[in-house]
file upload_27.txt (compact mmCIF, N, CA and C atoms)
# COMPACT_ATOMS: atom_id res chain seq x y z
N MET X 9 28.04 -10.35 -1.60
CA MET X 9 27.13 -10.02 -0.51
C MET X 9 25.87 -9.39 -1.09
N HIS X 10 24.72 -9.79 -0.56
CA HIS X 10 23.43 -9.29 -1.04
C HIS X 10 22.80 -8.37 0.00
N ILE X 11 21.96 -7.46 -0.49
CA ILE X 11 21.24 -6.56 0.41
C ILE X 11 20.06 -7.30 1.03
N HIS X 12 19.51 -6.72 2.11
CA HIS X 12 18.35 -7.32 2.77
C HIS X 12 17.24 -7.55 1.75
N GLY X 13 16.64 -8.69 1.82
CA GLY X 13 15.52 -9.00 0.96
C GLY X 13 15.88 -9.72 -0.32
N TYR X 14 17.17 -9.81 -0.61
CA TYR X 14 17.58 -10.47 -1.84
C TYR X 14 17.03 -11.89 -1.89
N TYR X 15 16.53 -12.25 -3.05
CA TYR X 15 16.06 -13.61 -3.31
C TYR X 15 16.33 -13.89 -4.77
N GLN X 16 16.96 -14.98 -5.07
CA GLN X 16 17.42 -15.23 -6.43
C GLN X 16 16.28 -15.30 -7.45
N HIS X 17 15.15 -15.84 -7.06
CA HIS X 17 14.03 -15.99 -8.00
C HIS X 17 12.74 -15.42 -7.39
N PRO X 18 12.68 -14.10 -7.19
CA PRO X 18 11.50 -13.52 -6.54
C PRO X 18 10.21 -13.68 -7.35
N GLU X 19 10.32 -13.91 -8.64
CA GLU X 19 9.12 -14.05 -9.47
C GLU X 19 8.23 -15.21 -9.00
N GLU X 20 8.80 -16.14 -8.26
CA GLU X 20 7.98 -17.25 -7.76
C GLU X 20 6.96 -16.80 -6.72
N PHE X 21 7.10 -15.57 -6.25
CA PHE X 21 6.15 -15.03 -5.27
C PHE X 21 5.05 -14.21 -5.93
N GLY X 22 4.99 -14.19 -7.24
CA GLY X 22 3.93 -13.47 -7.95
C GLY X 22 3.90 -12.00 -7.60
N SER X 23 2.72 -11.51 -7.20
CA SER X 23 2.57 -10.08 -6.91
C SER X 23 3.38 -9.63 -5.70
N LEU X 24 3.88 -10.57 -4.93
CA LEU X 24 4.72 -10.22 -3.77
C LEU X 24 6.21 -10.26 -4.10
N SER X 25 6.55 -10.39 -5.37
CA SER X 25 7.95 -10.52 -5.77
C SER X 25 8.82 -9.35 -5.33
N ALA X 26 8.25 -8.17 -5.23
CA ALA X 26 9.03 -7.00 -4.82
C ALA X 26 9.57 -7.14 -3.39
N TYR X 27 8.97 -8.02 -2.60
CA TYR X 27 9.42 -8.22 -1.23
C TYR X 27 10.60 -9.17 -1.12
N GLY X 28 10.92 -9.85 -2.20
CA GLY X 28 12.06 -10.76 -2.18
C GLY X 28 11.97 -11.78 -1.06
N ALA X 29 13.03 -11.88 -0.28
CA ALA X 29 13.09 -12.88 0.80
C ALA X 29 12.06 -12.65 1.91
N ASP X 30 11.44 -11.47 1.94
CA ASP X 30 10.41 -11.20 2.94
C ASP X 30 9.03 -11.72 2.50
N ALA X 31 8.87 -12.06 1.23
CA ALA X 31 7.57 -12.51 0.73
C ALA X 31 7.01 -13.71 1.50
N PRO X 32 7.82 -14.71 1.85
CA PRO X 32 7.24 -15.83 2.61
C PRO X 32 6.62 -15.40 3.94
N ALA X 33 7.18 -14.41 4.58
CA ALA X 33 6.62 -13.93 5.85
C ALA X 33 5.26 -13.27 5.62
N ILE X 34 5.11 -12.56 4.53
CA ILE X 34 3.82 -11.93 4.21
C ILE X 34 2.81 -13.02 3.87
N LEU X 35 3.23 -14.02 3.14
CA LEU X 35 2.34 -15.15 2.84
C LEU X 35 1.92 -15.86 4.12
N GLU X 36 2.83 -15.99 5.05
CA GLU X 36 2.51 -16.63 6.33
C GLU X 36 1.44 -15.83 7.09
N LEU X 37 1.55 -14.49 7.06
CA LEU X 37 0.51 -13.65 7.69
C LEU X 37 -0.86 -13.97 7.10
N SER X 38 -0.90 -14.13 5.78
CA SER X 38 -2.18 -14.39 5.12
C SER X 38 -2.69 -15.80 5.40
N LYS X 39 -1.79 -16.72 5.71
CA LYS X 39 -2.22 -18.07 6.08
C LYS X 39 -2.75 -18.09 7.52
N GLU X 40 -2.11 -17.32 8.40
CA GLU X 40 -2.55 -17.25 9.80
C GLU X 40 -3.92 -16.60 9.91
N ASN X 41 -4.18 -15.63 9.04
CA ASN X 41 -5.46 -14.92 9.05
C ASN X 41 -5.92 -14.79 7.60
N PRO X 42 -6.80 -15.68 7.13
CA PRO X 42 -7.23 -15.66 5.73
C PRO X 42 -7.83 -14.32 5.27
N GLU X 43 -8.36 -13.53 6.19
CA GLU X 43 -8.86 -12.21 5.81
C GLU X 43 -7.75 -11.33 5.23
N LEU X 44 -6.53 -11.56 5.67
CA LEU X 44 -5.40 -10.77 5.17
C LEU X 44 -4.94 -11.20 3.79
N ALA X 45 -5.45 -12.33 3.29
CA ALA X 45 -5.07 -12.82 1.97
C ALA X 45 -5.88 -12.19 0.85
N LYS X 46 -6.96 -11.50 1.20
CA LYS X 46 -7.82 -10.97 0.15
C LYS X 46 -7.24 -9.69 -0.46
N LEU X 47 -7.53 -9.54 -1.76
CA LEU X 47 -7.14 -8.30 -2.43
C LEU X 47 -7.87 -7.13 -1.79
N LEU X 48 -7.16 -6.04 -1.64
CA LEU X 48 -7.80 -4.86 -1.08
C LEU X 48 -8.77 -4.23 -2.08
N HIS X 49 -8.47 -4.37 -3.36
CA HIS X 49 -9.33 -3.83 -4.42
C HIS X 49 -9.07 -4.64 -5.69
N PRO X 50 -10.10 -4.94 -6.46
CA PRO X 50 -9.90 -5.76 -7.66
C PRO X 50 -9.00 -5.11 -8.71
N ASP X 51 -8.84 -3.80 -8.66
CA ASP X 51 -8.00 -3.09 -9.64
C ASP X 51 -6.58 -2.85 -9.14
N LEU X 52 -6.24 -3.39 -7.98
CA LEU X 52 -4.90 -3.22 -7.42
C LEU X 52 -4.33 -4.60 -7.04
N PRO X 53 -3.02 -4.76 -7.09
CA PRO X 53 -2.43 -6.07 -6.80
C PRO X 53 -2.09 -6.32 -5.33
N TYR X 54 -2.62 -5.53 -4.42
CA TYR X 54 -2.20 -5.60 -3.02
C TYR X 54 -3.18 -6.36 -2.13
N ILE X 55 -2.64 -7.13 -1.19
CA ILE X 55 -3.46 -7.83 -0.22
C ILE X 55 -3.30 -7.16 1.15
N ALA X 56 -4.25 -7.41 2.01
CA ALA X 56 -4.25 -6.78 3.34
C ALA X 56 -3.00 -7.12 4.14
N ALA X 57 -2.45 -8.32 3.95
CA ALA X 57 -1.24 -8.72 4.68
C ALA X 57 -0.07 -7.77 4.42
N GLU X 58 -0.04 -7.15 3.25
CA GLU X 58 1.03 -6.20 2.94
C GLU X 58 0.95 -4.96 3.83
N ILE X 59 -0.25 -4.56 4.18
CA ILE X 59 -0.43 -3.41 5.07
C ILE X 59 0.03 -3.77 6.48
N VAL X 60 -0.36 -4.95 6.93
CA VAL X 60 0.06 -5.42 8.25
C VAL X 60 1.58 -5.53 8.30
N TRP X 61 2.16 -6.10 7.26
CA TRP X 61 3.62 -6.22 7.18
C TRP X 61 4.28 -4.84 7.24
N ALA X 62 3.73 -3.90 6.49
CA ALA X 62 4.30 -2.54 6.46
C ALA X 62 4.27 -1.90 7.84
N ALA X 63 3.18 -2.11 8.57
CA ALA X 63 3.09 -1.54 9.92
C ALA X 63 4.05 -2.23 10.89
N ARG X 64 4.12 -3.54 10.81
CA ARG X 64 4.94 -4.29 11.77
C ARG X 64 6.44 -4.26 11.46
N ASN X 65 6.80 -4.18 10.18
CA ASN X 65 8.20 -4.37 9.81
C ASN X 65 8.84 -3.21 9.05
N GLU X 66 8.02 -2.31 8.52
CA GLU X 66 8.56 -1.21 7.73
C GLU X 66 8.24 0.16 8.32
N MET X 67 7.71 0.16 9.53
CA MET X 67 7.40 1.40 10.25
C MET X 67 6.38 2.30 9.54
N SER X 68 5.46 1.72 8.80
CA SER X 68 4.40 2.50 8.17
C SER X 68 3.49 3.02 9.28
N ARG X 69 3.32 4.32 9.32
CA ARG X 69 2.55 4.93 10.41
C ARG X 69 1.43 5.84 9.95
N THR X 70 1.28 6.03 8.64
CA THR X 70 0.19 6.85 8.12
C THR X 70 -0.42 6.16 6.91
N LEU X 71 -1.63 6.55 6.59
CA LEU X 71 -2.31 6.01 5.42
C LEU X 71 -1.56 6.39 4.14
N ASP X 72 -1.10 7.62 4.08
CA ASP X 72 -0.31 8.07 2.93
C ASP X 72 0.91 7.19 2.75
N ASP X 73 1.60 6.88 3.82
CA ASP X 73 2.78 6.03 3.72
C ASP X 73 2.40 4.65 3.21
N ALA X 74 1.33 4.08 3.72
CA ALA X 74 0.92 2.73 3.32
C ALA X 74 0.48 2.67 1.86
N LEU X 75 -0.25 3.68 1.40
CA LEU X 75 -0.84 3.62 0.07
C LEU X 75 -0.04 4.33 -1.02
N ALA X 76 0.94 5.11 -0.64
CA ALA X 76 1.75 5.78 -1.67
C ALA X 76 3.19 5.29 -1.70
N ARG X 77 3.72 4.89 -0.56
CA ARG X 77 5.13 4.50 -0.52
C ARG X 77 5.34 3.01 -0.27
N ARG X 78 4.68 2.43 0.71
CA ARG X 78 4.88 0.99 0.99
C ARG X 78 4.26 0.16 -0.12
N THR X 79 3.06 0.54 -0.55
CA THR X 79 2.49 0.01 -1.78
C THR X 79 2.50 1.22 -2.73
N ARG X 80 2.18 1.01 -3.95
CA ARG X 80 2.12 2.12 -4.91
C ARG X 80 0.68 2.35 -5.34
N ALA X 81 -0.26 2.01 -4.48
CA ALA X 81 -1.68 2.08 -4.82
C ALA X 81 -2.08 3.46 -5.32
N LEU X 82 -1.67 4.51 -4.65
CA LEU X 82 -2.05 5.86 -5.05
C LEU X 82 -1.58 6.15 -6.46
N LEU X 83 -0.39 5.75 -6.79
CA LEU X 83 0.17 6.05 -8.10
C LEU X 83 -0.41 5.15 -9.19
N LEU X 84 -0.79 3.93 -8.84
CA LEU X 84 -1.35 3.03 -9.83
C LEU X 84 -2.81 3.35 -10.15
N ASN X 85 -3.58 3.71 -9.12
CA ASN X 85 -5.01 3.94 -9.32
C ASN X 85 -5.54 4.74 -8.13
N ALA X 86 -5.57 6.04 -8.27
CA ALA X 86 -5.97 6.92 -7.17
C ALA X 86 -7.40 6.64 -6.72
N ARG X 87 -8.30 6.37 -7.66
CA ARG X 87 -9.70 6.10 -7.28
C ARG X 87 -9.80 4.83 -6.44
N ALA X 88 -9.08 3.80 -6.84
CA ALA X 88 -9.10 2.56 -6.07
C ALA X 88 -8.46 2.78 -4.70
N ALA X 89 -7.38 3.57 -4.65
CA ALA X 89 -6.72 3.86 -3.37
C ALA X 89 -7.68 4.58 -2.42
N ILE X 90 -8.45 5.51 -2.95
CA ILE X 90 -9.44 6.21 -2.13
C ILE X 90 -10.48 5.22 -1.62
N ALA X 91 -10.90 4.30 -2.48
CA ALA X 91 -11.92 3.32 -2.09
C ALA X 91 -11.45 2.41 -0.95
N ILE X 92 -10.17 2.04 -0.94
CA ILE X 92 -9.68 1.14 0.10
C ILE X 92 -9.15 1.88 1.33
N ALA X 93 -9.10 3.19 1.27
CA ALA X 93 -8.54 3.97 2.38
C ALA X 93 -9.17 3.64 3.74
N PRO X 94 -10.49 3.56 3.87
CA PRO X 94 -11.05 3.25 5.19
C PRO X 94 -10.59 1.89 5.74
N GLU X 95 -10.58 0.86 4.89
CA GLU X 95 -10.15 -0.46 5.33
C GLU X 95 -8.67 -0.45 5.73
N VAL X 96 -7.84 0.19 4.91
CA VAL X 96 -6.41 0.24 5.20
C VAL X 96 -6.15 1.05 6.47
N ALA X 97 -6.87 2.14 6.65
CA ALA X 97 -6.71 2.94 7.87
C ALA X 97 -7.08 2.11 9.10
N SER X 98 -8.12 1.30 8.99
CA SER X 98 -8.51 0.44 10.12
C SER X 98 -7.44 -0.59 10.42
N LEU X 99 -6.88 -1.19 9.37
CA LEU X 99 -5.80 -2.16 9.56
C LEU X 99 -4.60 -1.50 10.26
N LEU X 100 -4.22 -0.33 9.76
CA LEU X 100 -3.09 0.39 10.37
C LEU X 100 -3.39 0.75 11.82
N ALA X 101 -4.57 1.27 12.05
CA ALA X 101 -4.94 1.67 13.42
C ALA X 101 -4.82 0.50 14.38
N ARG X 102 -5.32 -0.65 13.97
CA ARG X 102 -5.24 -1.83 14.82
C ARG X 102 -3.78 -2.21 15.09
N GLU X 103 -2.95 -2.15 14.06
CA GLU X 103 -1.56 -2.58 14.19
C GLU X 103 -0.71 -1.63 15.03
N ILE X 104 -1.00 -0.34 14.94
CA ILE X 104 -0.14 0.62 15.64
C ILE X 104 -0.81 1.24 16.88
N GLY X 105 -1.94 0.70 17.27
CA GLY X 105 -2.58 1.12 18.51
C GLY X 105 -3.28 2.47 18.46
N LYS X 106 -3.89 2.78 17.33
CA LYS X 106 -4.64 4.03 17.20
C LYS X 106 -6.13 3.74 17.24
N ASP X 107 -6.92 4.79 17.45
CA ASP X 107 -8.37 4.60 17.56
C ASP X 107 -9.09 4.94 16.25
N ALA X 108 -10.42 4.80 16.26
CA ALA X 108 -11.23 5.04 15.07
C ALA X 108 -11.16 6.50 14.63
N ALA X 109 -11.05 7.42 15.57
CA ALA X 109 -10.94 8.84 15.20
C ALA X 109 -9.66 9.09 14.41
N TRP X 110 -8.59 8.45 14.81
CA TRP X 110 -7.32 8.57 14.08
C TRP X 110 -7.50 8.04 12.65
N ALA X 111 -8.14 6.88 12.53
CA ALA X 111 -8.35 6.28 11.21
C ALA X 111 -9.19 7.19 10.32
N GLU X 112 -10.24 7.77 10.89
CA GLU X 112 -11.09 8.68 10.12
C GLU X 112 -10.31 9.91 9.65
N GLU X 113 -9.47 10.44 10.51
CA GLU X 113 -8.66 11.60 10.14
C GLU X 113 -7.66 11.23 9.04
N GLN X 114 -7.09 10.05 9.13
CA GLN X 114 -6.17 9.58 8.09
C GLN X 114 -6.88 9.47 6.74
N VAL X 115 -8.10 8.96 6.75
CA VAL X 115 -8.88 8.84 5.51
C VAL X 115 -9.16 10.23 4.94
N ARG X 116 -9.49 11.18 5.78
CA ARG X 116 -9.76 12.54 5.31
C ARG X 116 -8.51 13.15 4.68
N ILE X 117 -7.38 13.05 5.37
CA ILE X 117 -6.13 13.61 4.87
C ILE X 117 -5.72 12.93 3.56
N PHE X 118 -5.79 11.62 3.55
CA PHE X 118 -5.40 10.88 2.34
C PHE X 118 -6.34 11.21 1.18
N GLY X 119 -7.62 11.31 1.45
CA GLY X 119 -8.58 11.63 0.39
C GLY X 119 -8.27 12.95 -0.28
N ALA X 120 -7.90 13.95 0.52
CA ALA X 120 -7.54 15.26 -0.04
C ALA X 120 -6.30 15.15 -0.92
N LEU X 121 -5.32 14.38 -0.47
CA LEU X 121 -4.11 14.18 -1.26
C LEU X 121 -4.43 13.41 -2.54
N ALA X 122 -5.13 12.30 -2.41
CA ALA X 122 -5.40 11.43 -3.55
C ALA X 122 -6.25 12.12 -4.61
N ALA X 123 -7.14 13.00 -4.21
CA ALA X 123 -7.98 13.72 -5.16
C ALA X 123 -7.14 14.50 -6.17
N GLN X 124 -5.97 14.92 -5.75
CA GLN X 124 -5.09 15.67 -6.64
C GLN X 124 -4.52 14.80 -7.76
N TYR X 125 -4.62 13.49 -7.62
CA TYR X 125 -4.13 12.55 -8.63
C TYR X 125 -5.19 12.16 -9.66
N ILE X 126 -6.38 12.69 -9.50
CA ILE X 126 -7.48 12.34 -10.40
C ILE X 126 -7.78 13.54 -11.29
N PRO X 127 -7.69 13.36 -12.61
CA PRO X 127 -8.00 14.46 -13.52
C PRO X 127 -9.44 14.93 -13.30
N GLN X 128 -9.64 16.21 -13.35
CA GLN X 128 -10.96 16.78 -13.05
C GLN X 128 -11.76 17.11 -14.29
N GLY X 129 -11.70 16.25 -15.31
CA GLY X 129 -12.56 16.42 -16.48
C GLY X 129 -12.07 17.43 -17.50
N THR X 130 -10.90 17.96 -17.33
CA THR X 130 -10.38 18.88 -18.33
C THR X 130 -9.38 18.15 -19.20
N LYS X 131 -9.27 18.63 -20.43
CA LYS X 131 -8.28 18.03 -21.31
C LYS X 131 -6.91 18.50 -20.88
N TYR X 132 -5.95 17.64 -21.09
CA TYR X 132 -4.59 18.02 -20.73
C TYR X 132 -4.13 19.15 -21.66
N PRO X 133 -3.61 20.21 -21.08
CA PRO X 133 -3.14 21.32 -21.92
C PRO X 133 -1.86 20.92 -22.66
N THR X 134 -1.61 21.66 -23.73
CA THR X 134 -0.36 21.41 -24.43
C THR X 134 0.78 21.91 -23.56
N ALA X 135 1.95 21.41 -23.81
CA ALA X 135 3.11 21.82 -23.01
C ALA X 135 3.36 23.31 -23.18
N PRO X 136 3.71 23.98 -22.09
CA PRO X 136 3.98 25.42 -22.19
C PRO X 136 5.23 25.66 -23.04
N THR X 137 5.23 26.82 -23.63
CA THR X 137 6.39 27.22 -24.44
C THR X 137 7.46 27.74 -23.52
N VAL X 138 8.65 27.22 -23.69
CA VAL X 138 9.77 27.71 -22.89
C VAL X 138 10.30 28.98 -23.53
N VAL X 139 10.42 30.00 -22.71
CA VAL X 139 10.87 31.30 -23.23
C VAL X 139 12.34 31.47 -22.94

call {"tool": "encode", "arguments": {"input": "upload_27.txt", "output": "structure tokens"}}
result
Amino acid sequence: MHIHGYYQHPEEFGSLSAYGADAPAILELSKENPELAKLLHPDLPYIAAEIVWAARNEMSRTLDDALARRTRALLLNARAAIAIAPEVASLLAREIGKDAAWAEEQVRIFGALAAQYIPQGTKYPTAPTVV
């Protein structure tokens, strides 16, 4: 017995391989609306359809959830995640019935979180001595 999403050869879905058996549904979203097929950022492997899928099928309800947990954008490239935050917030807002003010607040909250993932020009200190 296999868990949900199992697919014997997920590598055939390229960057969507992590979705396993759900990857064809995400590809279908991008075929229905070609705007959803575009990369959200050239330095990240995610397309807009993944955000729509996360909202519709994975209960993604915040920008942090979409960019840190449903995708790993924040962990892969915090600067790129910050850059796509407004577009992703708009996608989420449309999918879950929120307004522009909600999207703007999500971008503000996410920006504050994501900034903590960007080194602030200091050299990394040596490891502390354990006493």

call {"tool": "closest_atom_pairs", "arguments": {"input": "upload_27.txt", "of": "region 51-74 of chain X", "to": "region 80-104 of chain X", "cutoff": "9 Å", "atoms": "only C-alpha atoms", "output": "Markdown table"}}
result
| residue | atom | partner | partner_atom | distance |
| --- | --- | --- | --- | --- |
| X:Asp51 | CA | X:Ala88 | CA | 6.8 |
| X:Leu52 | CA | X:Ala81 | CA | 6.7 |
| X:Pro53 | CA | X:Ala81 | CA | 8.4 |
| X:Tyr54 | CA | X:Ala81 | CA | 7.9 |
| X:Ala56 | CA | X:Val96 | CA | 7.6 |
| X:Ile59 | CA | X:Val96 | CA | 7.0 |
| X:Val60 | CA | X:Glu103 | CA | 6.8 |
| X:Ala62 | CA | X:Leu100 | CA | 8.9 |
| X:Ala63 | CA | X:Glu103 | CA | 6.4 |
| X:Arg64 | CA | X:Glu103 | CA | 7.1 |
| X:Ser68 | CA | X:Leu100 | CA | 8.1 |
| X:Arg69 | CA | X:Leu100 | CA | 7.2 |
| X:Thr70 | CA | X:Leu100 | CA | 7.6 |
| X:Leu71 | CA | X:Ala97 | CA | 5.9 |
| X:Asp72 | CA | X:Leu82 | CA | 8.5 |
| X:Ala74 | CA | X:Val96 | CA | 8.0 |

call {"tool": "atom_distance", "arguments": {"input": "upload_27.txt", "atom1": "CA of Lys39 (chain X)", "atom2": "CA of Ala57 (chain X)"}}
result
9.5 Å

call {"tool": "closest_residue", "arguments": {"input": "upload_27.txt", "among": "X:Thr79, X:Glu112, X:Gly119, X:Met67", "to": "Ala26 (chain X)", "atoms": "only C-alpha atoms"}}
result
X:Thr79

call {"tool": "atom_distance", "arguments": {"input": "upload_27.txt", "atom1": "CA of Pro32 (chain X)", "atom2": "CA of Lys46 (chain X)"}}
result
16.0 Å

call {"tool": "select_by_dssp", "arguments": {"input": "upload_27.txt", "residues": "region 56-109 of chain X", "states": "helix (DSSP H, G or I)", "output": "MDAnalysis selection string"}}
result
chainID X and resid 56:65 71:78 81:84 86:104 108:109

call {"tool": "atom_distance", "arguments": {"input": "upload_27.txt", "atom1": "atom C of Trp61 (chain X)", "atom2": "atom N of Ala45 (chain X)"}}
result
12.9 Å

call {"tool": "axis_aligned_box", "arguments": {"input": "upload_27.txt", "around": "region 72-85 of chain X", "padding_each_side": "3 Å", "output": "lines of an AutoDock Vina configuration file"}}
result
center_x = -0.1
center_y = 4.0
center_z = -3.0
size_x = 16.9
size_y = 14.1
size_z = 20.2
